[in-house]
Amino acid sequence: MHRPDIIPSKAASLRTLTATMAVMCYLACLAVGALILIDRAVDAWASGLSQEVTVQIRVTSDSDLQADINKATELLEATSGVVAVADLGEEAGKALLEPWLGSDGLDALPIPRLLGVKIDETSPPDFDALAAALQEAVPTASLDTHRRWEAELTRMAGSLSILSALVLLLIGISAVAMVISASRAVLEGNRPIVDVLKLVGAEDRFISRQMDRRFLSTGLWGGFLGLALAIATFLALGYAGWAASPGLAAASRGLFYVPTADTWLPYVALLAVPVAATILSLVTSRLALTRMLQR
Amino acid sequence: MHRPDIIPSKAASLRTLTATMAVMCYLACLAVGALILIDRAVDAWASGLSQEVTVQIRVTSDSDLQADINKATELLEATSGVVAVADLGEEAGKALLEPWLGSDGLDALPIPRLLGVKIDETSPPDFDALAAALQEAVPTASLDTHRRWEAELTRMAGSLSILSALVLLLIGISAVAMVISASRAVLEGNRPIVDVLKLVGAEDRFISRQMDRRFLSTGLWGGFLGLALAIATFLALGYAGWAASPGLAAASRGLFYVPTADTWLPYVALLAVPVAATILSLVTSRLALTRMLQR
Amino acid sequence: MLRLERVGLSYGRGAEVLKDVDFELQRGSFCFLTGASGAGKSSLLKLAFMALHPSRGRIKLFDQDITRVSRRQLPFLRRRIGVVFQDFRLLDHLTTFENVALPLRVAGKLPRNYERDVRDLLDWVGLAKQADSYPPVLSGGEQQRAAIARAVISKPELLLADEPTGNVDPILARRLIRLFAELNKLGTTVLLATHDMNLLKHVRAPVLHLENGALQQRH
Amino acid sequence: MLRLERVGLSYGRGAEVLKDVDFELQRGSFCFLTGASGAGKSSLLKLAFMALHPSRGRIKLFDQDITRVSRRQLPFLRRRIGVVFQDFRLLDHLTTFENVALPLRVAGKLPRNYERDVRDLLDWVGLAKQADSYPPVLSGGEQQRAAIARAVISKPELLLADEPTGNVDPILARRLIRLFAELNKLGTTVLLATHDMNLLKHVRAPVLHLENGALQQRH
Ligand SMILES: Nc1ncnc2c1ncn2[C@@H]1O[C@H](COP(=O)(O)OP(=O)(O)OP(=O)(O)O)[C@@H](O)[C@H]1O
Ligand SMILES: Nc1ncnc2c1ncn2[C@@H]1O[C@H](COP(=O)(O)OP(=O)(O)OP(=O)(O)O)[C@@H](O)[C@H]1O
Ligand SMILES: [Mg+2]
Ligand SMILES: [Mg+2]
């Protein structure tokens, strides 16, 4: 004989809890996915870049090349964010001019000297200030702006990564607030039922088991609905999003298909969202129930 | 004599609605703010960039400079994403070499020629393919990679702008779903009261006025709480966020202080969020109430 | 006043609870409605109050066919009727005073015009001390008296009372019956469903008896 | 069985509803509890059922001091008591059958062991047809009978019934009183709060009368 659930499954507050779980898990999964995507993009980016910028020192008729090199090296080494400075030698200078002038007759020219400056990726120096200081100290020296762009990009990507972590955090906090509020409303709505159960001799264990079951099924159903919607969104982005933003689309697909060392990471991280939300809902209801039973 | 509200203000479902309004408005305001920030950043970026890349054509002993120029121009003009091609003349080539070699004796050298290529910002050409094609057709020609980086950055910023609009859209949809669900739960919880009101002779108008009042005050209170939290978050980012990401911090403050032509835009856009959410909540409750009253 | 013509009622697809009920309640009359538990007394009162639609037949109230009356008219018809529900239907978040005053408030009256009346009535039904209490803390009989007070506060033309003395002691019951009789003298038509045989002894009035869905008049 | 010693009860900071109530209910006895509406009958039953704590005094139930019993013991004590609440307290989302079976289910019994008993009892109280209906569609008297069935299904040692016949017709009332008397013969101690003077005539039993918060015994 089928026994109906003692805690009803059709209350309006329970539908709100389901919606809350679904929506908040959806947003959290999107945020987690975006965080993973952006972190990967930033990593890929950073590993593709050299951690060097170059400084060119011109040779003029009235300058002492070696003195200029020493002075510039000294200045660079004293700059925070610079890890190491190396003189790249004459050949590097020739290689620089070759594209413009061809290799013939280069020897006759005052070949500029290049210094390789290894920078700290995590806290790069302020390039504008550095360029100005360099110009001031050694008028023949100039900072290669090409690499500066790369560093700028890396910094921007880093910012983006922080921003998305922040968004994840804020969505997480919001989700926690919502799940707690909705769970408490459900429990509050069940107060008359809890009272009757107490009166007919139900043990606390019995009541919390029934309640846990309801919250567990509601939580998991809502949570995984949200997760499914999030995955659907990533897939939609991965395929339909091509026109709008090819990079985004490829990245979205990459989230699930591209084999990397940590392929399992997105799966685990995304799965953790509905599970964590359900646990939160359960714990909230347990605490409120305990308080309700105590009186 | 004080008359208590006919629709109670203390139901658990009403607290959930307040929380829902606050949290969803918070997230939506954050998304709106981020969208404005990113759009502004992208605009500023794009306007600061020239829409040109350059192509250098070397002079070698066995090449015909003018023929190379013509060939390259032809190829470039046929490339989609290229708007115009112009020969920048001999002086531009000299200016290019000056930083390395100084201005003395430049006349003796085979000065490379520069072509200015105006590109379509919104659909830039594929630079890698273009570089390869150029190399193939005109071995002495090369694409200046410096400007390519800028274009890449612009595209990335554009993607980011699309992404944030997408996030706003998804948060918007989520907020709509949540507000509808929570509003319906509140109305459902008030069904017994609506029934009694009908039985004691209340007109539909009377009931909906009472209900509207409740939803209006709950909605506005929750919505503006969310807005206030969002503004607090921007301010916190603007000041405390400096260390983590100076650019982000400056932008957050810029959202409210920097005088631009559209200074009013963020205020209006942010204000619209709680107002829209409250209207949504009101409309939802009205529709559900009308259905409830009809039976 | 109230006239049922060959009225039938069935809930959902179930059997008919009321079959061919035919009767007329004269303006100014006082009538008891009896019948076994589950006979359909409450259902009949709900029909008269337009809280239910009959499955067939016609109901006339205040000379209007209420099976055809528009939804906009309903509240105004209902304001002319007072009802005591078997399950009271008080609003838990309003005080006894506010519950009793509800029909007046809903009709757009101002507190200063009714406060006095409400307090007097509460006094009469013995709830003066409970005026500012909320229904959940009232005893069963106190809730019932609040429901009665709410039904009569607007001096309705028709009073429908469903088992209005089931939760009060005999002395209070007699007092309440006197209240109904008093109202009746002032012109209110009263239809009172009850199981309490003692009540029938206190007021000489016709008794309508429901059995197997049919109505018989006894005197 | 049940023993109140100088028990006082006041709600919040209000006046005392019960003052110095002293009485003992012998095992196997049958007792009526009367008193005006608001006299404190329901409050006294709630005290006996441990749904309320006395403000002072001591209550002994099954030879245990229930003002000192641990929260873990409460459910087991309550399973030995059947209660009919004045407001029924049925669960609206469970069928009549499930409502009546609730105390058994909660005590961990399996459906195959009680289904038969529940159906028989529903039959006895005249709810066989309503077994699969939900409380909101039951008539007042049907709900009351469901509440009574739930109270007696586990053949409790003590039965507390609060106005258990307020919503049923006199014939059913007599039938229900017979049920209580039958249970009493099988060993259940019965304490029955009522306003119905006719019931008092049907069973010869001592009457406890509450007045001004004090209890007087009448025979
Ligand atoms: N909403 C409903 N849906 C289905 N059946 C209903 C509904 N309301 C009442 N019934 C059934 O109709 C029958 C008559 O109910 P009604 O409440 O009119 O009886 P009553 O005469 O008032 O009984 P009582 O004296 O016990 O209050 C009962 O058998 C009841 O189960
Ligand atoms: N939870 C409560 N809080 C405050 N006062 C209460 C509460 N419950 C009951 N009372 C008050 O205590 C008094 C006794 O209530 P009780 O329900 O015991 O009366 P009763 O004898 O059962 O009356 P009735 O016959 O009308 O059911 C009443 O005046 C009531 O208003
Ligand atoms: Mg009835
Ligand atoms: Mg009582």
# chains A, B, ... in the order shown; residues from 1 in each chain; ligands from 1

call {"tool": "residues_around", "arguments": {"residues": "region 75-79 of chain A", "least_positions_apart": "4", "cutoff": "9 Å", "atoms": "only C-alpha atoms", "output": "MDAnalysis selection string"}}
result
chainID A and resid 70:71 83:85 117 125 130 133:134 137

call {"tool": "closest_atom_pairs", "arguments": {"of": "chain C", "to": "chain B", "cutoff": "6 Å", "atoms": "only C-alpha atoms", "output": "JSON lines"}}
result
{"residue": "C:Pro75", "atom": "CA", "partner": "B:Gly201", "partner_atom": "CA", "distance": 4.2}
{"residue": "C:Arg78", "atom": "CA", "partner": "B:Gly201", "partner_atom": "CA", "distance": 5.1}
{"residue": "C:Arg79", "atom": "CA", "partner": "B:Gly201", "partner_atom": "CA", "distance": 5.0}
{"residue": "C:Pro103", "atom": "CA", "partner": "B:Val200", "partner_atom": "CA", "distance": 5.2}
{"residue": "C:Val106", "atom": "CA", "partner": "B:Ala202", "partner_atom": "CA", "distance": 5.2}

call {"tool": "atom_distance", "arguments": {"atom1": "CA of Ser181 (chain B)", "atom2": "CA of Leu220 (chain B)"}}
result
17.1 Å

call {"tool": "residues_near_ligand", "arguments": {"ligand": "ligand 3", "cutoff": "12 Å", "atoms": "only C-alpha atoms and all ligand atoms", "output": "short mmCIF file (atom, residue, chain, number, x, y, z; two decimals) with all heavy atoms, in the first residue's frame"}}
result
data_model
loop_
_atom_site.label_atom_id
_atom_site.label_comp_id
_atom_site.auth_asym_id
_atom_site.auth_seq_id
_atom_site.Cartn_x
_atom_site.Cartn_y
_atom_site.Cartn_z
N LEU C 33 -32.77 24.74 10.37
CA LEU C 33 -32.43 23.74 9.36
C LEU C 33 -31.76 22.59 10.10
O LEU C 33 -30.74 22.78 10.77
CB LEU C 33 -31.48 24.35 8.33
CG LEU C 33 -30.98 23.45 7.20
CD1 LEU C 33 -32.14 22.99 6.33
CD2 LEU C 33 -29.96 24.21 6.35
N THR C 34 -32.33 21.41 10.04
CA THR C 34 -31.72 20.27 10.73
C THR C 34 -31.43 19.15 9.74
O THR C 34 -31.75 19.25 8.56
CB THR C 34 -32.64 19.74 11.84
OG1 THR C 34 -33.86 19.28 11.23
CG2 THR C 34 -32.95 20.80 12.87
N GLY C 35 -30.82 18.11 10.24
CA GLY C 35 -30.44 17.00 9.40
C GLY C 35 -29.23 16.33 10.00
O GLY C 35 -28.47 16.96 10.74
N ALA C 36 -29.04 15.06 9.66
CA ALA C 36 -27.90 14.31 10.20
C ALA C 36 -26.60 14.95 9.74
O ALA C 36 -26.59 15.76 8.81
CB ALA C 36 -27.98 12.86 9.75
N SER C 37 -25.52 14.57 10.39
CA SER C 37 -24.21 15.05 9.97
C SER C 37 -23.94 14.55 8.54
O SER C 37 -24.11 13.38 8.23
CB SER C 37 -23.15 14.50 10.92
OG SER C 37 -21.88 14.80 10.43
N GLY C 38 -23.56 15.47 7.67
CA GLY C 38 -23.30 15.10 6.28
C GLY C 38 -24.54 15.14 5.41
O GLY C 38 -24.49 14.74 4.24
N ALA C 39 -25.66 15.62 5.96
CA ALA C 39 -26.90 15.64 5.20
C ALA C 39 -26.89 16.73 4.13
O ALA C 39 -27.59 16.64 3.13
CB ALA C 39 -28.09 15.86 6.13
N GLY C 40 -26.09 17.78 4.34
CA GLY C 40 -26.02 18.83 3.34
C GLY C 40 -26.47 20.19 3.84
O GLY C 40 -26.72 21.10 3.04
N LYS C 41 -26.54 20.38 5.15
CA LYS C 41 -26.97 21.66 5.70
C LYS C 41 -26.00 22.78 5.30
O LYS C 41 -26.42 23.82 4.79
CB LYS C 41 -27.04 21.59 7.23
CG LYS C 41 -28.01 20.54 7.77
CD LYS C 41 -28.01 20.49 9.28
CE LYS C 41 -26.68 20.08 9.88
NZ LYS C 41 -26.24 18.73 9.47
N SER C 42 -24.73 22.53 5.56
CA SER C 42 -23.74 23.56 5.23
C SER C 42 -23.75 23.84 3.74
O SER C 42 -23.63 25.00 3.31
CB SER C 42 -22.34 23.11 5.66
OG SER C 42 -22.32 22.83 7.03
N SER C 43 -23.92 22.80 2.96
CA SER C 43 -23.95 22.98 1.50
C SER C 43 -25.10 23.89 1.10
O SER C 43 -24.94 24.78 0.27
CB SER C 43 -24.09 21.63 0.80
OG SER C 43 -23.05 20.76 1.20
N LEU C 44 -26.24 23.68 1.71
CA LEU C 44 -27.41 24.49 1.39
C LEU C 44 -27.17 25.95 1.74
O LEU C 44 -27.47 26.86 0.96
CB LEU C 44 -28.64 23.95 2.13
CG LEU C 44 -29.99 24.35 1.56
CD1 LEU C 44 -31.03 23.27 1.85
CD2 LEU C 44 -30.44 25.68 2.10
N LEU C 45 -26.58 26.18 2.91
CA LEU C 45 -26.29 27.56 3.30
C LEU C 45 -25.29 28.21 2.35
O LEU C 45 -25.39 29.38 2.01
CB LEU C 45 -25.77 27.61 4.74
CG LEU C 45 -26.77 27.20 5.83
CD1 LEU C 45 -26.16 27.36 7.21
CD2 LEU C 45 -28.05 28.03 5.74
N LYS C 46 -24.32 27.42 1.93
CA LYS C 46 -23.32 27.96 0.99
C LYS C 46 -23.96 28.34 -0.33
O LYS C 46 -23.56 29.32 -0.96
CB LYS C 46 -22.20 26.94 0.77
CG LYS C 46 -21.18 26.90 1.91
CD LYS C 46 -20.10 25.88 1.66
CE LYS C 46 -19.31 25.59 2.92
NZ LYS C 46 -18.65 24.27 2.86
N VAL C 84 -22.55 32.92 9.63
CA VAL C 84 -21.67 32.31 10.63
C VAL C 84 -21.25 30.98 10.05
O VAL C 84 -22.09 30.10 9.86
CB VAL C 84 -22.40 32.06 11.96
CG1 VAL C 84 -21.42 31.52 13.00
CG2 VAL C 84 -23.07 33.32 12.45
N PHE C 85 -19.98 30.83 9.74
CA PHE C 85 -19.52 29.58 9.17
C PHE C 85 -19.27 28.56 10.26
O PHE C 85 -18.91 28.91 11.39
CB PHE C 85 -18.24 29.78 8.37
CG PHE C 85 -18.43 30.67 7.18
CD1 PHE C 85 -18.14 32.01 7.26
CD2 PHE C 85 -18.94 30.17 6.01
CE1 PHE C 85 -18.34 32.85 6.17
CE2 PHE C 85 -19.15 30.98 4.91
CZ PHE C 85 -18.84 32.33 4.99
N GLN C 86 -19.44 27.29 9.88
CA GLN C 86 -19.23 26.22 10.85
C GLN C 86 -17.78 26.24 11.36
O GLN C 86 -17.51 25.95 12.51
CB GLN C 86 -19.55 24.89 10.19
CG GLN C 86 -19.81 23.77 11.16
CD GLN C 86 -20.41 22.55 10.47
OE1 GLN C 86 -20.50 22.49 9.26
NE2 GLN C 86 -20.81 21.56 11.25
N ASP C 87 -16.86 26.62 10.46
CA ASP C 87 -15.44 26.67 10.87
C ASP C 87 -14.97 28.11 11.10
O ASP C 87 -13.79 28.41 11.01
CB ASP C 87 -14.56 25.94 9.85
CG ASP C 87 -14.81 26.43 8.43
OD1 ASP C 87 -15.70 27.29 8.24
OD2 ASP C 87 -14.13 25.95 7.52
N PHE C 88 -15.93 28.99 11.41
CA PHE C 88 -15.66 30.37 11.85
C PHE C 88 -15.05 31.28 10.81
O PHE C 88 -15.50 32.40 10.61
CB PHE C 88 -14.81 30.40 13.13
CG PHE C 88 -15.24 29.42 14.18
CD1 PHE C 88 -14.33 28.86 15.07
CD2 PHE C 88 -16.58 29.03 14.29
CE1 PHE C 88 -14.74 27.95 16.04
CE2 PHE C 88 -17.00 28.12 15.26
CZ PHE C 88 -16.08 27.58 16.13
N ALA C 161 -26.78 31.01 9.68
CA ALA C 161 -25.87 30.61 10.75
C ALA C 161 -25.74 29.10 10.75
O ALA C 161 -26.72 28.37 10.80
CB ALA C 161 -26.38 31.10 12.10
N ASP C 162 -24.49 28.62 10.67
CA ASP C 162 -24.23 27.20 10.56
C ASP C 162 -23.73 26.68 11.90
O ASP C 162 -22.59 26.94 12.28
CB ASP C 162 -23.20 26.96 9.46
CG ASP C 162 -23.21 25.52 8.98
OD1 ASP C 162 -23.87 24.69 9.62
OD2 ASP C 162 -22.54 25.24 7.95
N GLU C 163 -24.60 25.99 12.62
CA GLU C 163 -24.22 25.40 13.90
C GLU C 163 -23.59 26.45 14.82
O GLU C 163 -22.47 26.27 15.32
CB GLU C 163 -23.21 24.29 13.64
CG GLU C 163 -23.05 23.31 14.75
CD GLU C 163 -24.27 22.41 14.86
OE1 GLU C 163 -24.62 21.72 13.90
OE2 GLU C 163 -24.90 22.46 15.93
N PRO C 164 -24.29 27.56 15.07
CA PRO C 164 -23.64 28.69 15.74
C PRO C 164 -23.46 28.52 17.24
O PRO C 164 -22.84 29.36 17.88
CB PRO C 164 -24.59 29.86 15.45
CG PRO C 164 -25.92 29.22 15.32
CD PRO C 164 -25.70 27.86 14.74
N GLY C 166 -22.50 25.35 18.65
CA GLY C 166 -21.88 24.04 18.89
C GLY C 166 -20.75 24.08 19.90
O GLY C 166 -20.39 23.06 20.49
N LEU C 192 -31.13 29.03 10.42
CA LEU C 192 -30.17 28.58 11.41
C LEU C 192 -30.02 27.07 11.35
O LEU C 192 -30.96 26.34 11.68
CB LEU C 192 -30.71 29.03 12.77
CG LEU C 192 -29.76 29.27 13.90
CD1 LEU C 192 -30.38 30.24 14.90
CD2 LEU C 192 -29.40 27.98 14.57
N ALA C 193 -28.86 26.59 10.91
CA ALA C 193 -28.64 25.15 10.87
C ALA C 193 -28.11 24.69 12.22
O ALA C 193 -27.18 25.29 12.75
CB ALA C 193 -27.63 24.81 9.77
N THR C 194 -28.71 23.66 12.77
CA THR C 194 -28.25 23.21 14.08
C THR C 194 -28.57 21.76 14.36
O THR C 194 -29.43 21.15 13.74
CB THR C 194 -28.86 24.07 15.20
OG1 THR C 194 -28.24 23.74 16.44
CG2 THR C 194 -30.37 23.82 15.31
N HIS C 195 -27.78 21.18 15.27
CA HIS C 195 -28.05 19.84 15.78
C HIS C 195 -28.66 19.92 17.17
O HIS C 195 -29.05 18.90 17.74
CB HIS C 195 -26.74 19.05 15.94
CG HIS C 195 -26.09 18.72 14.65
ND1 HIS C 195 -26.72 18.02 13.67
CD2 HIS C 195 -24.84 18.97 14.19
CE1 HIS C 195 -25.89 17.86 12.66
NE2 HIS C 195 -24.75 18.42 12.95
N LEU C 210 -33.40 18.11 6.51
CA LEU C 210 -32.77 17.53 5.32
C LEU C 210 -32.57 16.05 5.54
O LEU C 210 -32.01 15.62 6.56
CB LEU C 210 -31.40 18.18 5.09
CG LEU C 210 -31.29 19.32 4.08
CD1 LEU C 210 -29.86 19.82 4.05
CD2 LEU C 210 -31.72 18.85 2.70
N PRO D 136 -10.58 18.97 3.96
CA PRO D 136 -11.29 20.18 3.56
C PRO D 136 -12.63 19.93 2.87
O PRO D 136 -13.47 20.83 2.83
CB PRO D 136 -10.30 20.86 2.59
CG PRO D 136 -8.98 20.35 2.97
CD PRO D 136 -9.20 18.94 3.42
N VAL D 137 -12.85 18.74 2.31
CA VAL D 137 -14.14 18.50 1.67
C VAL D 137 -15.10 17.75 2.58
O VAL D 137 -16.21 17.43 2.18
CB VAL D 137 -13.99 17.74 0.32
CG1 VAL D 137 -13.00 18.45 -0.57
CG2 VAL D 137 -13.59 16.30 0.53
N LEU D 138 -14.68 17.48 3.81
CA LEU D 138 -15.59 16.80 4.73
C LEU D 138 -16.52 17.82 5.40
O LEU D 138 -16.16 18.98 5.56
CB LEU D 138 -14.81 16.06 5.81
CG LEU D 138 -13.89 14.93 5.37
CD1 LEU D 138 -13.26 14.27 6.59
CD2 LEU D 138 -14.65 13.89 4.54
N SER D 139 -17.68 17.37 5.80
CA SER D 139 -18.58 18.25 6.56
C SER D 139 -18.03 18.40 7.97
O SER D 139 -17.16 17.63 8.39
CB SER D 139 -19.98 17.66 6.59
OG SER D 139 -20.09 16.69 7.60
N GLY D 140 -18.52 19.37 8.70
CA GLY D 140 -18.03 19.61 10.06
C GLY D 140 -18.06 18.36 10.91
O GLY D 140 -17.09 18.03 11.59
N GLY D 141 -19.20 17.67 10.89
CA GLY D 141 -19.34 16.47 11.70
C GLY D 141 -18.43 15.34 11.24
O GLY D 141 -17.93 14.55 12.05
N GLU D 142 -18.19 15.29 9.94
CA GLU D 142 -17.30 14.25 9.42
C GLU D 142 -15.87 14.49 9.87
O GLU D 142 -15.16 13.55 10.25
CB GLU D 142 -17.40 14.21 7.89
CG GLU D 142 -18.71 13.57 7.39
CD GLU D 142 -19.04 13.88 5.93
OE1 GLU D 142 -18.32 14.69 5.31
OE2 GLU D 142 -20.02 13.32 5.43
N GLN D 143 -15.47 15.74 9.87
CA GLN D 143 -14.12 16.07 10.36
C GLN D 143 -14.00 15.68 11.83
O GLN D 143 -12.99 15.11 12.27
CB GLN D 143 -13.83 17.56 10.20
CG GLN D 143 -13.66 17.99 8.77
CD GLN D 143 -13.40 19.48 8.64
OE1 GLN D 143 -12.83 20.10 9.53
NE2 GLN D 143 -13.81 20.05 7.53
N GLN D 144 -15.04 15.99 12.58
CA GLN D 144 -14.99 15.69 14.00
C GLN D 144 -14.88 14.18 14.24
O GLN D 144 -14.10 13.73 15.07
CB GLN D 144 -16.25 16.23 14.68
CG GLN D 144 -16.17 16.16 16.18
CD GLN D 144 -17.07 17.19 16.82
OE1 GLN D 144 -18.21 17.38 16.39
NE2 GLN D 144 -16.57 17.87 17.83
N GLY D 166 -19.75 18.31 19.32
CA GLY D 166 -20.31 19.63 19.05
C GLY D 166 -20.83 19.79 17.63
O GLY D 166 -21.65 20.66 17.37
N ASN D 167 -20.34 18.98 16.72
CA ASN D 167 -20.73 19.16 15.33
C ASN D 167 -21.50 17.98 14.74
O ASN D 167 -21.64 17.88 13.54
CB ASN D 167 -19.49 19.42 14.47
CG ASN D 167 -18.95 20.82 14.69
OD1 ASN D 167 -19.44 21.77 14.11
ND2 ASN D 167 -17.97 20.95 15.57
N VAL D 168 -21.95 17.06 15.60
CA VAL D 168 -22.70 15.93 15.05
C VAL D 168 -24.13 15.92 15.60
O VAL D 168 -24.42 16.48 16.65
CB VAL D 168 -22.00 14.58 15.34
CG1 VAL D 168 -20.64 14.55 14.68
CG2 VAL D 168 -21.88 14.34 16.83
N ASP D 169 -24.99 15.23 14.87
CA ASP D 169 -26.40 15.17 15.28
C ASP D 169 -26.56 14.27 16.51
O ASP D 169 -25.68 13.48 16.84
CB ASP D 169 -27.24 14.66 14.11
CG ASP D 169 -26.73 13.35 13.57
OD1 ASP D 169 -25.73 13.36 12.79
OD2 ASP D 169 -27.28 12.29 13.95
#

call {"tool": "select_by_dssp", "arguments": {"residues": "region 129-180 of chain D", "states": "strand (DSSP E or B)", "output": "PyMOL selection string"}}
result
chain D and resi 158-162

call {"tool": "residues_around", "arguments": {"residues": "Glu24 (chain D)", "least_positions_apart": "2", "cutoff": "12 Å", "atoms": "only C-alpha atoms", "output": "list in words"}}
result
Met1, Leu2, Arg3, Leu4, Glu5, Arg6, Val7, Val21, Asp22, Gln26, Arg27, Gly28, Ser29, Phe30, Cys31, Ala48, Arg58, Ile59, Lys60, Leu61, Phe62, Asp63, Thr189, Leu191, Leu208, Leu215 and Gln217 of chain D

call {"tool": "closest_residue", "arguments": {"among": "D:Gly126, D:Gly12, D:Gly108, D:Pro206", "to": "ligand 2", "atoms": "only C-alpha atoms and all ligand atoms"}}
result
D:Gly12

call {"tool": "residues_around", "arguments": {"residues": "Asp68 (chain A)", "least_positions_apart": "5", "cutoff": "8 Å", "atoms": "only C-alpha atoms", "output": "number ranges by chain"}}
result
A: 57, 63, 138, 140-141

call {"tool": "write_last_selection", "arguments": {"atoms": "all heavy atoms", "output": "tab-separated table (two decimals), in the first residue's frame"}}
result
chain	number	residue	atom	x	y	z
A	57	ILE	N	68.97	50.33	-26.99
A	57	ILE	CA	69.85	51.48	-26.74
A	57	ILE	C	70.50	51.86	-28.05
A	57	ILE	O	71.20	51.06	-28.68
A	57	ILE	CB	70.89	51.13	-25.67
A	57	ILE	CG1	70.13	50.85	-24.37
A	57	ILE	CG2	71.88	52.28	-25.48
A	57	ILE	CD1	70.98	50.37	-23.25
A	63	SER	N	77.68	59.21	-28.05
A	63	SER	CA	77.32	58.43	-26.85
A	63	SER	C	78.28	57.27	-26.64
A	63	SER	O	78.86	56.73	-27.58
A	63	SER	CB	75.89	57.89	-26.97
A	63	SER	OG	75.84	56.88	-27.96
A	138	VAL	N	68.80	57.64	-19.46
A	138	VAL	CA	69.61	57.29	-20.63
A	138	VAL	C	68.85	57.73	-21.88
A	138	VAL	O	67.98	57.01	-22.36
A	138	VAL	CB	69.86	55.75	-20.68
A	138	VAL	CG1	70.90	55.42	-21.72
A	138	VAL	CG2	70.24	55.23	-19.31
A	140	THR	N	69.34	57.67	-24.90
A	140	THR	CA	69.39	56.80	-26.07
A	140	THR	C	68.57	55.53	-25.87
A	140	THR	O	68.44	54.72	-26.79
A	140	THR	CB	70.85	56.39	-26.38
A	140	THR	OG1	71.39	55.81	-25.19
A	140	THR	CG2	71.68	57.60	-26.79
A	141	ALA	N	68.07	55.30	-24.68
A	141	ALA	CA	67.35	54.04	-24.40
A	141	ALA	C	65.84	54.21	-24.59
A	141	ALA	O	65.28	55.26	-24.35
A	141	ALA	CB	67.62	53.59	-22.97

call {"tool": "atom_distance", "arguments": {"atom1": "CA of Pro170 (chain C)", "atom2": "CA of Arg80 (chain C)"}}
result
29.2 Å

call {"tool": "residues_around", "arguments": {"residues": "Ser55 (chain C)", "least_positions_apart": "2", "cutoff": "8 Å", "atoms": "only C-alpha atoms", "output": "VMD selection string"}}
result
chain C and resid 7 to 10 53 57

call {"tool": "atom_distance", "arguments": {"atom1": "CA of Ala132 (chain B)", "atom2": "CA of Asp144 (chain A)"}}
result
24.2 Å

call {"tool": "residues_around", "arguments": {"residues": "Gly33 (chain A)", "least_positions_apart": "3", "cutoff": "9 Å", "atoms": "only C-alpha atoms", "output": "VMD selection string"}}
result
chain A and resid 28 to 30 36 to 38 230 234 252 255 266 269 to 270

call {"tool": "write_last_selection", "arguments": {"atoms": "N, CA and C atoms", "output": "short mmCIF file (atom, residue, chain, number, x, y, z; two decimals), in the first residue's frame"}}
result
data_model
loop_
_atom_site.label_atom_id
_atom_site.label_comp_id
_atom_site.auth_asym_id
_atom_site.auth_seq_id
_atom_site.Cartn_x
_atom_site.Cartn_y
_atom_site.Cartn_z
N ALA A 28 25.03 30.26 -10.14
CA ALA A 28 26.31 29.87 -9.55
C ALA A 28 27.10 29.00 -10.52
N CYS A 29 26.40 28.07 -11.21
CA CYS A 29 27.09 27.22 -12.18
C CYS A 29 27.66 28.07 -13.32
N LEU A 30 26.88 29.03 -13.78
CA LEU A 30 27.38 29.92 -14.82
C LEU A 30 28.64 30.63 -14.33
N ILE A 36 36.17 29.25 -14.51
CA ILE A 36 37.08 28.24 -15.05
C ILE A 36 37.54 28.65 -16.45
N LEU A 37 36.59 29.08 -17.29
CA LEU A 37 36.92 29.52 -18.65
C LEU A 37 37.95 30.62 -18.62
N ILE A 38 37.68 31.63 -17.81
CA ILE A 38 38.55 32.80 -17.81
C ILE A 38 39.93 32.46 -17.27
N ALA A 230 22.31 25.38 -16.82
CA ALA A 230 23.61 26.03 -17.01
C ALA A 230 24.39 25.31 -18.11
N PHE A 234 25.80 26.74 -21.65
CA PHE A 234 27.16 26.64 -22.17
C PHE A 234 27.16 26.02 -23.56
N SER A 252 33.53 28.02 -24.51
CA SER A 252 32.41 27.32 -23.90
C SER A 252 32.47 25.84 -24.22
N LEU A 255 35.17 24.08 -22.40
CA LEU A 255 34.90 23.80 -20.99
C LEU A 255 34.58 22.32 -20.78
N PRO A 266 36.03 21.04 -14.23
CA PRO A 266 34.72 21.67 -14.39
C PRO A 266 33.58 20.77 -13.97
N ALA A 269 33.49 20.82 -10.19
CA ALA A 269 33.11 22.13 -9.66
C ALA A 269 31.63 22.39 -9.89
N LEU A 270 31.14 22.04 -11.08
CA LEU A 270 29.73 22.29 -11.39
C LEU A 270 28.83 21.39 -10.55
#

call {"tool": "closest_residue", "arguments": {"among": "B:Leu88, B:Leu237, B:Val53, B:Leu227", "to": "chain A", "atoms": "only C-alpha atoms"}}
result
B:Leu237
